[in-house]
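J.: My structure is in model_4.txt, and what it holds is compact mmCIF, C-alpha atoms:
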```txt
# COMPACT_ATOMS: atom_id res chain seq x y z
CA MET L 25 70.58 14.48 23.71
CA ARG L 26 71.44 10.84 24.35
CA SER L 27 70.31 9.87 20.84
CA LEU L 28 72.57 12.56 19.38
CA CYS L 29 75.56 11.13 21.25
CA VAL L 30 74.73 7.60 20.05
CA LEU L 31 74.40 8.88 16.48
CA LEU L 32 77.76 10.67 16.62
CA LEU L 33 79.45 7.61 18.10
CA SER L 34 78.03 5.40 15.37
CA LEU L 35 79.27 7.80 12.69
CA ALA L 36 82.70 8.24 14.29
CA PRO L 37 84.50 5.87 11.88
CA VAL L 38 82.97 7.68 8.90
CA LEU L 39 83.65 11.18 10.24
CA ALA L 40 87.09 10.38 11.56
CA LEU L 41 89.74 12.87 10.57
CA PRO L 42 92.52 11.51 8.40
CA ASN L 43 95.59 10.31 10.21
CA TYR L 44 98.32 12.83 9.53
CA ALA L 45 100.99 10.81 11.29
CA GLN L 46 103.37 9.48 8.68
CA THR L 47 105.99 6.82 8.77
CA ALA L 48 109.53 7.75 7.78
CA SER L 49 109.02 6.28 4.31
CA GLU L 50 105.90 8.41 3.72
CA ILE L 51 107.47 11.71 4.77
CA PRO L 52 108.74 13.58 1.74
CA PRO L 53 112.47 14.23 1.91
CA GLN L 54 113.16 17.56 3.57
CA ALA L 55 114.15 19.71 0.64
CA ASP L 56 116.90 22.20 1.23
CA ALA L 57 114.76 24.59 -0.84
CA ARG L 58 112.83 25.42 2.32
CA ARG L 59 115.83 26.05 4.55
CA ILE L 60 117.27 29.39 5.56
CA GLN L 61 120.80 30.11 6.77
CA ASN L 62 122.05 33.33 8.34
CA VAL L 63 125.33 34.32 6.72
CA GLN L 64 128.03 36.51 8.24
CA PRO L 65 128.16 39.97 6.62
CA ASP L 66 131.86 39.70 5.70
CA GLU L 67 131.18 36.36 3.97
CA MET L 68 128.26 37.90 2.05
CA TRP L 69 130.48 40.75 0.86
CA THR L 70 132.79 38.19 -0.75
CA ARG L 71 129.81 36.86 -2.73
CA VAL L 72 128.62 40.27 -4.03
CA THR L 73 128.99 40.56 -7.81
CA GLN L 74 126.71 43.58 -8.38
CA CYS L 75 126.10 46.29 -5.81
CA VAL L 76 123.65 49.15 -6.42
CA LEU L 77 123.38 52.23 -4.20
CA PRO L 78 120.00 53.90 -3.83
CA TYR L 79 119.37 57.31 -5.36
CA TYR L 80 118.51 60.05 -2.87
CA PRO L 81 115.00 61.36 -3.54
CA ALA L 82 115.09 65.13 -4.13
CA VAL L 83 112.01 65.64 -1.97
CA ALA L 84 113.62 63.81 0.97
CA LEU L 85 116.88 65.73 0.56
CA ALA L 86 115.03 69.07 0.45
CA ALA L 87 113.09 68.07 3.59
CA HIS L 88 116.37 67.11 5.36
CA ILE L 89 115.25 63.50 5.73
CA TYR L 90 118.21 61.20 6.26
CA GLY L 91 119.08 58.03 8.12
CA VAL L 92 119.35 54.28 7.69
CA VAL L 93 116.94 51.94 5.92
CA ASP L 94 117.37 48.43 7.30
CA ILE L 95 116.32 45.62 4.95
CA GLY L 96 116.46 41.88 5.64
CA LEU L 97 117.34 39.91 2.51
CA CYS L 98 117.14 36.32 1.42
CA VAL L 99 119.52 35.49 -1.40
CA SER L 100 118.66 32.47 -3.54
CA PRO L 101 121.25 29.81 -4.45
CA LYS L 102 121.30 31.38 -7.93
CA GLY L 103 122.56 34.64 -6.40
CA ASP L 104 119.44 36.78 -6.83
CA VAL L 105 117.64 38.64 -4.07
CA ALA L 106 114.78 36.15 -3.66
CA ASN L 107 112.84 38.26 -1.18
CA TYR L 108 113.31 41.05 1.30
CA ARG L 109 111.65 42.63 4.28
CA LEU L 110 111.79 46.30 5.20
CA LEU L 111 112.73 46.32 8.88
CA THR L 112 113.18 50.03 9.67
CA GLY L 113 113.60 53.30 7.86
CA HIS L 114 111.84 56.50 6.85
CA PRO L 115 109.05 55.88 4.31
CA ALA L 116 110.44 58.55 1.96
CA LEU L 117 113.73 56.61 1.77
CA ALA L 118 112.33 53.08 1.76
CA GLY L 119 111.27 52.99 -1.92
CA PRO L 120 114.68 53.87 -3.37
CA ALA L 121 116.40 51.53 -0.87
CA VAL L 122 114.23 48.56 -1.83
CA SER L 123 114.59 49.36 -5.53
CA ALA L 124 118.39 49.37 -5.24
CA ILE L 125 118.65 46.21 -3.14
CA ALA L 126 116.44 44.28 -5.58
CA GLN L 127 119.13 44.83 -8.25
CA TRP L 128 121.95 43.24 -6.23
CA LYS L 129 123.55 40.01 -7.47
CA PHE L 130 125.62 37.45 -5.59
CA GLN L 131 127.77 34.47 -6.56
CA PRO L 132 125.68 31.29 -6.78
CA ILE L 133 126.15 28.71 -4.05
CA ALA L 134 125.20 25.10 -3.40
CA GLY L 135 123.20 24.35 -0.30
CA PRO L 136 120.40 26.16 1.47
CA ALA L 137 117.90 27.97 -0.68
CA CYS L 138 118.15 31.22 1.18
CA SER L 139 121.18 32.97 2.64
CA ARG L 140 119.93 35.64 5.02
CA VAL L 141 121.67 38.92 5.88
CA ARG L 142 120.66 42.55 6.43
CA ALA L 143 121.49 45.50 4.21
CA LEU L 144 121.84 48.89 5.89
CA LEU L 145 121.32 51.60 3.28
CA LEU L 146 122.64 54.92 4.52
CA PHE L 147 121.17 58.22 3.36
CA ASN L 148 123.58 60.95 4.48
CA PRO L 149 122.67 64.61 5.11
CA ASP L 150 125.03 65.68 2.29
CA GLY L 151 122.92 63.78 -0.26
CA SER L 152 125.24 60.79 -0.64
CA THR L 153 124.28 57.19 -0.05
CA ALA L 154 126.23 54.16 1.12
CA VAL L 155 125.56 50.55 2.10
CA ASP L 156 126.79 48.15 4.75
CA LEU L 157 125.81 44.56 5.46
CA ALA L 158 124.87 43.39 8.95
CA HIS L 159 123.97 40.21 10.85
CA ALA L 160 120.49 38.79 10.35
CA ILE L 161 117.94 39.40 13.08
CA LEU L 162 115.80 36.28 12.83
CA ALA L 163 116.81 32.77 13.78
CA ASP L 164 117.60 30.35 10.95
CA ASP L 165 117.00 26.66 10.35
CA PHE L 166 120.57 25.76 11.32
CA GLY L 167 120.57 26.98 14.93
CA ASP L 168 121.79 30.58 14.54
CA PRO L 169 119.57 32.61 16.90
CA GLY L 170 120.08 35.90 15.05
CA LEU L 171 120.23 39.17 16.97
CA PRO L 172 118.22 39.57 20.16
CA ASN L 173 114.72 40.97 19.63
CA PHE L 174 115.18 43.71 22.22
CA LEU L 175 117.83 45.34 20.00
CA ARG L 176 115.54 45.28 16.99
CA ASP L 177 112.48 46.49 18.90
CA LYS L 178 114.29 49.48 20.36
CA GLY L 179 116.07 50.29 17.11
CA GLN L 180 119.39 49.99 18.94
CA MET L 181 121.47 47.88 16.64
CA PRO L 182 125.02 47.80 17.95
CA ASP L 183 127.59 49.37 15.61
CA SER L 184 129.52 46.10 15.63
CA THR L 185 126.77 44.39 13.61
CA ALA L 186 127.56 46.37 10.44
CA VAL L 187 130.38 45.34 8.12
CA HIS L 188 131.52 48.07 5.75
CA ARG L 189 132.08 47.27 2.09
CA PRO L 190 135.60 45.86 1.83
CA ARG L 191 137.96 47.10 -0.89
CA THR L 192 137.77 43.70 -2.55
CA ALA L 193 134.00 44.02 -3.09
CA PRO L 194 132.84 45.42 -6.43
CA GLU L 195 132.22 49.15 -6.66
CA CYS L 196 128.60 50.01 -6.03
CA GLU L 197 126.79 51.69 -8.91
CA LEU L 198 124.35 54.50 -8.22
CA ALA L 199 120.79 53.58 -9.14
CA THR L 200 119.12 55.84 -11.66
CA GLN L 201 116.18 57.86 -10.43
CA PRO L 202 112.90 56.75 -12.03
```
Written as structure tokens, how would this file's structure read?
T.:
Amino acid sequence: MRSLCVLLLSLAPVLALPNYAQTASEIPPQADARRIQNVQPDEMWTRVTQCVLPYYPAVALAAHIYGVVDIGLCVSPKGDVANYRLLTGHPALAGPAVSAIAQWKFQPIAGPACSRVRALLLFNPDGSTAVDLAHAILADDFGDPGLPNFLRDKGQMPDSTAVHRPRTAPECELATQP
């Protein structure tokens, strides 16, 4: 056992892990491309250039499935939906909601790579659909804590988090059913 310890100690300089501590000059500049900023829903509505409403699946309508599909979005500086995350919603409604939100376009901006907001896609019992934007849930890289987790976990988003489409926003087109 003692010889094993001596051997390991003698090999320590050879087996040493690389030093990951870097000086300021060695650290690559923090690219804004990795930063995320939560954006107020009313501000995001002013940036919308193309809005698409989801189609209502006939099977879901016949089964009287309705409700809200909540999707977290990240919008790239170019104005495209860079990625999204399905937060809540009935599985029968999630596909059309995601398909519609992926077609949205926003005005390009300078700055952080991702502007984060939530889209609430409403599937009404009468077969119509609508959309609102709401505050992001997760914290961002700029100090915005997002909404408290207990609201998300219980599915109890306060009504005040949703901002209805203002009259100045472009009319939303209805997505075609595949």
J.: Quick one: everything within 7 Å of range 145-156 of chain L, counting only C-alpha atoms, minus sequence neighbours fewer than 4 positions away in the same chain. Send it as an NGL selection string.
T.: :L and (77-78 or 80 or 85 or 88 or 90-94 or 121 or 186-189)
J.: Could you check which of L:Leu110, L:Ile89, L:Ala84, L:Ala143 is closest to Trp128 in chain L, using all atoms listed in the file?
T.: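 Among the listed residues, L:Ala143 lies closest to Trp128 in chain L.
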J.: One decimal, in Å: what's the spacing between CA of Asn62 in chain L and CA of Ala106 in chain L?
T.: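 Computed distance, CA of Asn62 in chain L to CA of Ala106 in chain L, equals 14.3 Å.
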J.: My list of candidates is L:Pro81, L:Thr200, L:Arg71, L:Val141. Which is closest to His114 in chain L when distances are computed with only C-alpha atoms?
T.: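 Of L:Pro81, L:Thr200, L:Arg71, L:Val141, the one nearest His114 in chain L is L:Pro81, counting only C-alpha atoms.
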J.: Just give me the gap between CA of Leu162 in chain L and CA of Pro194 in chain L in Å, one decimal is fine.
T.: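 Those two atoms sit 27.3 Å apart.
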J.: What does the distance from CA of Ser139 in chain L to CA of Pro101 in chain L come to in Å, to one decimal?
T.: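 Value for the CA of Ser139 in chain L-CA of Pro101 in chain L distance: 7.8 Å.
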J.: Of the candidates L:Gly103, L:Pro190, L:Pro65, L:Pro169, which shows the shortest atom-to-atom distance to Ala134 in chain L, using all atoms listed in the file?
T.: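 When distances to Ala134 in chain L are compared using all atoms listed in the file, the smallest one comes from L:Gly103.
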J.: Using only C-alpha atoms, which of the listed residues (L:Gln127, L:Thr112, L:Ile161, L:Gln61) sits closest to Cys75 in chain L?
T.: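 Answer, going by the shortest atom-to-atom distance: L:Gln127.
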J.: Which is closer to Ala199 in chain L than all the others in L:Ile125, L:Ala86, L:Val105, L:Ala118, using all atoms listed in the file?
T.: L:Ile125
J.: Please rebuild range 73-94 of chain L with N, CA and C atoms and return the result as a PDB file, in the coordinates of the input.
T.:
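Final output, saved to part.pdb:
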```
ATOM      1  N   THR L  73     128.466  40.339  -6.455  1.00  0.00           N
ATOM      2  CA  THR L  73     128.990  40.560  -7.810  1.00  0.00           C
ATOM      3  C   THR L  73     128.438  41.859  -8.407  1.00  0.00           C
ATOM      4  N   GLN L  74     127.280  42.309  -7.923  1.00  0.00           N
ATOM      5  CA  GLN L  74     126.710  43.580  -8.380  1.00  0.00           C
ATOM      6  C   GLN L  74     126.098  44.279  -7.176  1.00  0.00           C
ATOM      7  N   CYS L  75     126.544  45.499  -6.945  1.00  0.00           N
ATOM      8  CA  CYS L  75     126.100  46.290  -5.810  1.00  0.00           C
ATOM      9  C   CYS L  75     125.517  47.598  -6.349  1.00  0.00           C
ATOM     10  N   VAL L  76     124.304  47.928  -5.950  1.00  0.00           N
ATOM     11  CA  VAL L  76     123.650  49.150  -6.420  1.00  0.00           C
ATOM     12  C   VAL L  76     123.296  50.009  -5.214  1.00  0.00           C
ATOM     13  N   LEU L  77     123.724  51.275  -5.244  1.00  0.00           N
ATOM     14  CA  LEU L  77     123.380  52.230  -4.200  1.00  0.00           C
ATOM     15  C   LEU L  77     122.051  52.895  -4.541  1.00  0.00           C
ATOM     16  N   PRO L  78     121.260  53.231  -3.540  1.00  0.00           N
ATOM     17  CA  PRO L  78     120.000  53.900  -3.830  1.00  0.00           C
ATOM     18  C   PRO L  78     120.233  55.359  -4.239  1.00  0.00           C
ATOM     19  N   TYR L  79     119.340  55.878  -5.077  1.00  0.00           N
ATOM     20  CA  TYR L  79     119.370  57.310  -5.360  1.00  0.00           C
ATOM     21  C   TYR L  79     118.729  58.012  -4.163  1.00  0.00           C
ATOM     22  N   TYR L  80     119.072  59.271  -3.971  1.00  0.00           N
ATOM     23  CA  TYR L  80     118.510  60.050  -2.870  1.00  0.00           C
ATOM     24  C   TYR L  80     117.356  60.867  -3.416  1.00  0.00           C
ATOM     25  N   PRO L  81     116.131  60.614  -2.995  1.00  0.00           N
ATOM     26  CA  PRO L  81     115.000  61.360  -3.540  1.00  0.00           C
ATOM     27  C   PRO L  81     115.147  62.861  -3.253  1.00  0.00           C
ATOM     28  N   ALA L  82     114.935  63.685  -4.273  1.00  0.00           N
ATOM     29  CA  ALA L  82     115.090  65.130  -4.130  1.00  0.00           C
ATOM     30  C   ALA L  82     114.166  65.688  -3.051  1.00  0.00           C
ATOM     31  N   VAL L  83     112.970  65.159  -2.968  1.00  0.00           N
ATOM     32  CA  VAL L  83     112.010  65.640  -1.970  1.00  0.00           C
ATOM     33  C   VAL L  83     112.534  65.354  -0.557  1.00  0.00           C
ATOM     34  N   ALA L  84     113.084  64.172  -0.343  1.00  0.00           N
ATOM     35  CA  ALA L  84     113.620  63.810   0.970  1.00  0.00           C
ATOM     36  C   ALA L  84     114.843  64.663   1.306  1.00  0.00           C
ATOM     37  N   LEU L  85     115.693  64.904   0.328  1.00  0.00           N
ATOM     38  CA  LEU L  85     116.880  65.730   0.560  1.00  0.00           C
ATOM     39  C   LEU L  85     116.482  67.155   0.919  1.00  0.00           C
ATOM     40  N   ALA L  86     115.502  67.708   0.182  1.00  0.00           N
ATOM     41  CA  ALA L  86     115.030  69.070   0.450  1.00  0.00           C
ATOM     42  C   ALA L  86     114.386  69.173   1.836  1.00  0.00           C
ATOM     43  N   ALA L  87     113.743  68.085   2.274  1.00  0.00           N
ATOM     44  CA  ALA L  87     113.090  68.070   3.590  1.00  0.00           C
ATOM     45  C   ALA L  87     114.049  67.672   4.706  1.00  0.00           C
ATOM     46  N   HIS L  88     115.332  67.503   4.383  1.00  0.00           N
ATOM     47  CA  HIS L  88     116.370  67.110   5.360  1.00  0.00           C
ATOM     48  C   HIS L  88     116.031  65.786   6.035  1.00  0.00           C
ATOM     49  N   ILE L  89     115.519  64.852   5.241  1.00  0.00           N
ATOM     50  CA  ILE L  89     115.250  63.500   5.730  1.00  0.00           C
ATOM     51  C   ILE L  89     116.463  62.647   5.420  1.00  0.00           C
ATOM     52  N   TYR L  90     117.050  62.070   6.445  1.00  0.00           N
ATOM     53  CA  TYR L  90     118.210  61.200   6.260  1.00  0.00           C
ATOM     54  C   TYR L  90     118.177  60.122   7.327  1.00  0.00           C
ATOM     55  N   GLY L  91     119.006  59.122   7.156  1.00  0.00           N
ATOM     56  CA  GLY L  91     119.080  58.030   8.120  1.00  0.00           C
ATOM     57  C   GLY L  91     119.347  56.708   7.435  1.00  0.00           C
ATOM     58  N   VAL L  92     119.058  55.639   8.148  1.00  0.00           N
ATOM     59  CA  VAL L  92     119.350  54.280   7.690  1.00  0.00           C
ATOM     60  C   VAL L  92     118.041  53.560   7.375  1.00  0.00           C
ATOM     61  N   VAL L  93     118.032  52.858   6.252  1.00  0.00           N
ATOM     62  CA  VAL L  93     116.940  51.940   5.920  1.00  0.00           C
ATOM     63  C   VAL L  93     117.507  50.539   6.085  1.00  0.00           C
ATOM     64  N   ASP L  94     116.903  49.774   6.952  1.00  0.00           N
ATOM     65  CA  ASP L  94     117.370  48.430   7.300  1.00  0.00           C
ATOM     66  C   ASP L  94     116.469  47.423   6.590  1.00  0.00           C
TER      67      ASP L  94
END
```
